[in-house]
Amino acid sequence: MSAALSSKPTTESPGLDLLPASMTLIEERVKGCPRLPSLRSVESALRELLNSDRRYTQQISEIIRRDPSLTARLLRLVNSVYYSLDTPIKSIEEAVFYLGIRQIRQLAMVTPVIEDFQKLAGNTPFPWREFWQHCIGVAIMTREVISCVQSPTDDTDYVAGLVHDMGKIVMSATFPDHFTEVQRRAGQSQCSYLEIETEVLGVNHAELGAMYLRHHHLPDIMIETARYHHEPERAAHHSQIIAAVQIANLLVRHAQIGNSGNTSTVTSEIWTQASGWEILFPERRDSERAIACAALRRSLERLPSLLQGLV
Ligand SMILES: [Fe+2]
Ligand SMILES: [Fe+2]
């Protein structure tokens, strides 16, 4: 049994007697959960490619780019092996190049599959495939949003978008019953999704994701994105990319592409008035902002066909 599977000893039945966990327990489980599960289709595509004769860095990277868990584990691995590098590695392709096929194969071999994992936990199924589409959709749209104000030089913005909701995967892996209870209440309550998470578990997915990424020594920008993607104005660093992730997240939810688990409606007003716009377009450059919004609406229309067949 994998470390991720063995690190969820909850026996509580969902609903009734479920109490928030103490911070000590939360930290303990987050530390003990190095292997976050991946989506079955991505895991098998990676294994198949690694077993074939034609294995190119770029093809391997393309598969890893479709999976937030694998991406986080890859960056964790490369930055722990090459910890002496001046700047941490934030790009997927660079990480694959540095690690080489042997280490990537080891990474793939110990990858738990999220669909099995939830079956074992005995919980109500969560739409994981749609959740992965949400994460990839946000990653793609983050690139579109940031491109309105600067030319990206590497794929940091994409990776930040991909791992923004890591906390939800971490919650399902470390506190499966609490995660199920959050979904149940989110379908019924008027409270915000983040408030429900805090009420049920004691922390929300933004805090939990940041805690996971920090414990596993991921680059600072990923930690900050996980922590502040719902409130980029609070971030002390990397605020442009975090603002882009906030807007991308709202856009993808507005268009109802994939499923983030949070089913509350995102209206046009919500995404066009998000706090991130002030960070991306300070000094009220309204005309530039309007051009950016129009371009983003067009990109959003193309997104479903881009996502088709990816996971
Ligand atoms: Fe989120
Ligand atoms: Fe999200």
# chains A, B, ... in the order shown; residues from 1 in each chain; ligands from 1

call {"tool": "residues_around", "arguments": {"residues": "Ile89 in chain A", "least_positions_apart": "4", "cutoff": "8 Å", "atoms": "only C-alpha atoms", "output": "ChimeraX atom specification"}}
result
/A:75,78-79,94-95,219

call {"tool": "residues_near_ligand", "arguments": {"ligand": "ligand 1", "cutoff": "7 Å", "atoms": "only C-alpha atoms and all ligand atoms", "output": "list of chain:residue names"}}
result
A:His164, A:Asp165, A:His205, A:Ala206, A:His229, A:His230

call {"tool": "write_last_selection", "arguments": {"atoms": "all heavy atoms", "output": "PDB file, in the first residue's frame"}}
result
ATOM      1  N   HIS A 164      -2.957  25.190  -8.517  1.00  0.00           N
ATOM      2  CA  HIS A 164      -3.620  26.145  -7.623  1.00  0.00           C
ATOM      3  C   HIS A 164      -4.566  25.479  -6.618  1.00  0.00           C
ATOM      4  O   HIS A 164      -4.642  25.888  -5.478  1.00  0.00           O
ATOM      5  CB  HIS A 164      -4.369  27.231  -8.434  1.00  0.00           C
ATOM      6  CG  HIS A 164      -5.677  26.771  -8.993  1.00  0.00           C
ATOM      7  ND1 HIS A 164      -5.775  25.935 -10.085  1.00  0.00           N
ATOM      8  CD2 HIS A 164      -6.962  27.004  -8.604  1.00  0.00           C
ATOM      9  CE1 HIS A 164      -7.046  25.698 -10.343  1.00  0.00           C
ATOM     10  NE2 HIS A 164      -7.790  26.332  -9.455  1.00  0.00           N
ATOM     11  N   ASP A 165      -5.288  24.420  -7.057  1.00  0.00           N
ATOM     12  CA  ASP A 165      -6.251  23.763  -6.163  1.00  0.00           C
ATOM     13  C   ASP A 165      -5.696  22.476  -5.555  1.00  0.00           C
ATOM     14  O   ASP A 165      -6.462  21.585  -5.168  1.00  0.00           O
ATOM     15  CB  ASP A 165      -7.537  23.436  -6.942  1.00  0.00           C
ATOM     16  CG  ASP A 165      -8.593  24.527  -6.836  1.00  0.00           C
ATOM     17  OD1 ASP A 165      -8.493  25.381  -5.929  1.00  0.00           O
ATOM     18  OD2 ASP A 165      -9.528  24.522  -7.661  1.00  0.00           O
ATOM     19  N   HIS A 205      -8.869  24.708   1.489  1.00  0.00           N
ATOM     20  CA  HIS A 205      -7.951  24.064   0.532  1.00  0.00           C
ATOM     21  C   HIS A 205      -6.783  24.966   0.159  1.00  0.00           C
ATOM     22  O   HIS A 205      -5.715  24.467  -0.206  1.00  0.00           O
ATOM     23  CB  HIS A 205      -8.701  23.595  -0.726  1.00  0.00           C
ATOM     24  CG  HIS A 205      -9.143  24.693  -1.642  1.00  0.00           C
ATOM     25  ND1 HIS A 205     -10.311  25.389  -1.467  1.00  0.00           N
ATOM     26  CD2 HIS A 205      -8.571  25.237  -2.753  1.00  0.00           C
ATOM     27  CE1 HIS A 205     -10.444  26.292  -2.424  1.00  0.00           C
ATOM     28  NE2 HIS A 205      -9.392  26.220  -3.223  1.00  0.00           N
ATOM     29  N   ALA A 206      -6.969  26.299   0.282  1.00  0.00           N
ATOM     30  CA  ALA A 206      -5.865  27.203  -0.052  1.00  0.00           C
ATOM     31  C   ALA A 206      -4.740  27.045   0.984  1.00  0.00           C
ATOM     32  O   ALA A 206      -3.557  26.898   0.627  1.00  0.00           O
ATOM     33  CB  ALA A 206      -6.373  28.638  -0.090  1.00  0.00           C
ATOM     34  N   HIS A 229      -4.693  32.194  -4.208  1.00  0.00           N
ATOM     35  CA  HIS A 229      -5.365  32.294  -5.505  1.00  0.00           C
ATOM     36  C   HIS A 229      -6.799  32.827  -5.409  1.00  0.00           C
ATOM     37  O   HIS A 229      -7.378  33.223  -6.412  1.00  0.00           O
ATOM     38  CB  HIS A 229      -5.312  30.975  -6.290  1.00  0.00           C
ATOM     39  CG  HIS A 229      -6.101  29.848  -5.708  1.00  0.00           C
ATOM     40  ND1 HIS A 229      -5.610  29.019  -4.725  1.00  0.00           N
ATOM     41  CD2 HIS A 229      -7.353  29.397  -5.976  1.00  0.00           C
ATOM     42  CE1 HIS A 229      -6.523  28.112  -4.425  1.00  0.00           C
ATOM     43  NE2 HIS A 229      -7.594  28.312  -5.170  1.00  0.00           N
ATOM     44  N   HIS A 230      -7.377  32.837  -4.205  1.00  0.00           N
ATOM     45  CA  HIS A 230      -8.702  33.452  -4.051  1.00  0.00           C
ATOM     46  C   HIS A 230      -8.618  34.899  -3.572  1.00  0.00           C
ATOM     47  O   HIS A 230      -9.633  35.582  -3.516  1.00  0.00           O
ATOM     48  CB  HIS A 230      -9.567  32.629  -3.083  1.00  0.00           C
ATOM     49  CG  HIS A 230      -9.973  31.296  -3.652  1.00  0.00           C
ATOM     50  ND1 HIS A 230     -10.966  31.165  -4.586  1.00  0.00           N
ATOM     51  CD2 HIS A 230      -9.480  30.044  -3.449  1.00  0.00           C
ATOM     52  CE1 HIS A 230     -11.085  29.898  -4.927  1.00  0.00           C
ATOM     53  NE2 HIS A 230     -10.198  29.187  -4.256  1.00  0.00           N
TER      54      HIS A 230
END

call {"tool": "residues_around", "arguments": {"residues": "Val42 in chain A", "least_positions_apart": "4", "cutoff": "7 Å", "atoms": "only C-alpha atoms", "output": "PyMOL selection string"}}
result
chain A and resi 46+63+67+311

call {"tool": "select_by_dssp", "arguments": {"residues": "range 31-278 of chain A", "states": "alpha helix (DSSP H)", "output": "PyMOL selection string"}}
result
chain A and resi 31+40-51+57-64+68-81+92-109+114-121+128-147+156-162+166-174+176-186+193-201+205-215+220-228+239-254+268-272+276-278

call {"tool": "residues_near_ligand", "arguments": {"ligand": "ligand 2", "cutoff": "9 Å", "atoms": "only C-alpha atoms and all ligand atoms", "output": "PyMOL selection string"}}
result
chain A and resi 131+134-135+138+161+164-166+229-230+245-246+248-250+252-253+259-262

call {"tool": "residues_around", "arguments": {"residues": "Ile136 in chain A", "least_positions_apart": "2", "cutoff": "10 Å", "atoms": "only C-alpha atoms", "output": "count of residues only"}}
result
26

call {"tool": "atom_distance", "arguments": {"atom1": "CA of Pro20 in chain A", "atom2": "CA of Arg227 in chain A"}}
result
19.8 Å

call {"tool": "closest_atom_pairs", "arguments": {"of": "range 5-85 of chain A", "to": "range 112-117 of chain A", "cutoff": "6 Å", "atoms": "only C-alpha atoms", "output": "CSV"}}
result
residue,atom,partner,partner_atom,distance
A:Pro37,CA,A:Pro112,CA,4.7
A:Ser38,CA,A:Val113,CA,5.1
A:Leu39,CA,A:Ile114,CA,5.6
A:Arg40,CA,A:Val113,CA,5.4

call {"tool": "write_last_selection", "arguments": {"atoms": "C-alpha atoms", "output": "mmCIF file, in the first residue's frame"}}
result
data_model
loop_
_atom_site.group_PDB
_atom_site.id
_atom_site.type_symbol
_atom_site.label_atom_id
_atom_site.label_comp_id
_atom_site.auth_asym_id
_atom_site.auth_seq_id
_atom_site.Cartn_x
_atom_site.Cartn_y
_atom_site.Cartn_z
ATOM 1 C CA PRO A 37 -2.658 10.325 -6.421
ATOM 2 C CA SER A 38 -2.926 10.939 -10.156
ATOM 3 C CA LEU A 39 -5.732 10.406 -12.621
ATOM 4 C CA ARG A 40 -5.750 6.849 -14.031
#

call {"tool": "atom_distance", "arguments": {"atom1": "CA of Arg214 in chain A", "atom2": "CA of Val81 in chain A"}}
result
16.4 Å

call {"tool": "residues_around", "arguments": {"residues": "range 193-197 of chain A", "least_positions_apart": "3", "cutoff": "12 Å", "atoms": "only C-alpha atoms", "output": "PyMOL selection string"}}
result
chain A and resi 19-21+165+167-168+171-172+175+177-190+200-208+227+229-231+260-265

call {"tool": "closest_residue", "arguments": {"among": "A:Ser80, A:Gln308, A:Ser299, A:Thr71", "to": "Ser147 in chain A", "atoms": "only C-alpha atoms"}}
result
A:Ser299

call {"tool": "decode", "arguments": {"residues": "range 178-279 of chain A", "atoms": "C-alpha atoms", "output": "short mmCIF file (atom, residue, chain, number, x, y, z; two decimals), in the first residue's frame"}}
result
data_model
loop_
_atom_site.label_atom_id
_atom_site.label_comp_id
_atom_site.auth_asym_id
_atom_site.auth_seq_id
_atom_site.Cartn_x
_atom_site.Cartn_y
_atom_site.Cartn_z
CA HIS A 178 -14.00 15.56 5.70
CA PHE A 179 -13.59 16.07 1.96
CA THR A 180 -16.80 14.14 1.26
CA GLU A 181 -18.62 16.15 3.92
CA VAL A 182 -17.45 19.42 2.32
CA GLN A 183 -18.93 18.29 -1.02
CA ARG A 184 -22.19 17.31 0.65
CA ARG A 185 -22.55 20.67 2.43
CA ALA A 186 -21.40 22.68 -0.60
CA GLY A 187 -24.36 21.30 -2.55
CA GLN A 188 -26.79 22.52 0.10
CA SER A 189 -25.39 25.58 1.84
CA GLN A 190 -25.33 29.26 0.91
CA CYS A 191 -21.94 29.71 2.63
CA SER A 192 -18.82 30.07 0.53
CA TYR A 193 -16.87 26.92 -0.34
CA LEU A 194 -13.84 28.14 1.62
CA GLU A 195 -15.98 28.81 4.70
CA ILE A 196 -17.49 25.34 4.51
CA GLU A 197 -14.02 23.76 4.32
CA THR A 198 -12.84 25.73 7.36
CA GLU A 199 -15.99 24.78 9.25
CA VAL A 200 -15.66 21.07 8.42
CA LEU A 201 -11.90 20.48 8.63
CA GLY A 202 -10.48 23.55 10.37
CA VAL A 203 -8.50 24.75 7.31
CA ASN A 204 -9.49 25.50 3.72
CA HIS A 205 -7.95 24.06 0.53
CA ALA A 206 -5.86 27.20 -0.05
CA GLU A 207 -4.12 26.84 3.32
CA LEU A 208 -3.87 23.06 3.02
CA GLY A 209 -2.39 23.20 -0.49
CA ALA A 210 0.20 25.76 0.58
CA MET A 211 1.07 23.63 3.61
CA TYR A 212 1.60 20.55 1.42
CA LEU A 213 3.74 22.39 -1.13
CA ARG A 214 5.81 24.03 1.63
CA HIS A 215 6.40 20.75 3.46
CA HIS A 216 7.55 19.20 0.20
CA HIS A 217 9.85 22.09 -0.70
CA LEU A 218 8.22 23.28 -3.88
CA PRO A 219 9.22 26.65 -5.35
CA ASP A 220 7.88 29.65 -3.49
CA ILE A 221 5.66 30.81 -6.31
CA MET A 222 3.65 27.56 -6.25
CA ILE A 223 3.17 27.81 -2.47
CA GLU A 224 2.04 31.44 -2.72
CA THR A 225 -0.34 30.66 -5.59
CA ALA A 226 -2.00 27.83 -3.68
CA ARG A 227 -2.33 30.09 -0.63
CA TYR A 228 -3.60 33.29 -2.28
CA HIS A 229 -5.36 32.29 -5.51
CA HIS A 230 -8.70 33.45 -4.05
CA GLU A 231 -7.23 36.71 -2.69
CA PRO A 232 -4.17 37.75 -4.74
CA GLU A 233 -4.18 41.19 -3.12
CA ARG A 234 -2.83 39.54 0.06
CA ALA A 235 0.22 38.01 -1.63
CA ALA A 236 3.53 39.70 -0.82
CA HIS A 237 5.31 38.23 -3.87
CA HIS A 238 4.47 36.95 -7.36
CA SER A 239 1.22 38.89 -7.29
CA GLN A 240 0.90 39.19 -11.10
CA ILE A 241 0.91 35.44 -11.68
CA ILE A 242 -1.36 34.84 -8.67
CA ALA A 243 -3.77 37.49 -9.98
CA ALA A 244 -3.74 35.74 -13.37
CA VAL A 245 -4.57 32.43 -11.67
CA GLN A 246 -7.46 34.06 -9.78
CA ILE A 247 -8.98 35.39 -12.99
CA ALA A 248 -8.33 32.15 -14.91
CA ASN A 249 -10.01 30.17 -12.13
CA LEU A 250 -13.09 32.40 -12.21
CA LEU A 251 -13.23 32.32 -16.03
CA VAL A 252 -13.11 28.52 -16.18
CA ARG A 253 -15.80 28.26 -13.51
CA HIS A 254 -17.88 30.94 -15.25
CA ALA A 255 -17.83 28.90 -18.48
CA GLN A 256 -18.60 25.73 -16.47
CA ILE A 257 -15.65 23.89 -17.96
CA GLY A 258 -14.68 20.89 -15.83
CA ASN A 259 -15.65 20.81 -12.16
CA SER A 260 -13.69 22.41 -9.34
CA GLY A 261 -15.98 20.93 -6.70
CA ASN A 262 -17.33 24.43 -6.06
CA THR A 263 -20.58 24.54 -7.97
CA SER A 264 -21.66 28.08 -7.06
CA THR A 265 -22.28 30.27 -10.12
CA VAL A 266 -19.60 32.71 -11.28
CA THR A 267 -21.34 35.54 -13.10
CA SER A 268 -19.71 37.87 -15.67
CA GLU A 269 -19.68 40.58 -12.97
CA ILE A 270 -17.73 38.37 -10.60
CA TRP A 271 -14.89 37.62 -13.00
CA THR A 272 -14.72 41.06 -14.61
CA GLN A 273 -14.53 42.73 -11.19
CA ALA A 274 -12.10 40.34 -9.53
CA SER A 275 -9.37 41.93 -7.36
CA GLY A 276 -6.68 40.51 -9.66
CA TRP A 277 -7.50 43.06 -12.37
CA GLU A 278 -6.19 45.89 -10.18
CA ILE A 279 -2.89 44.03 -9.86
#
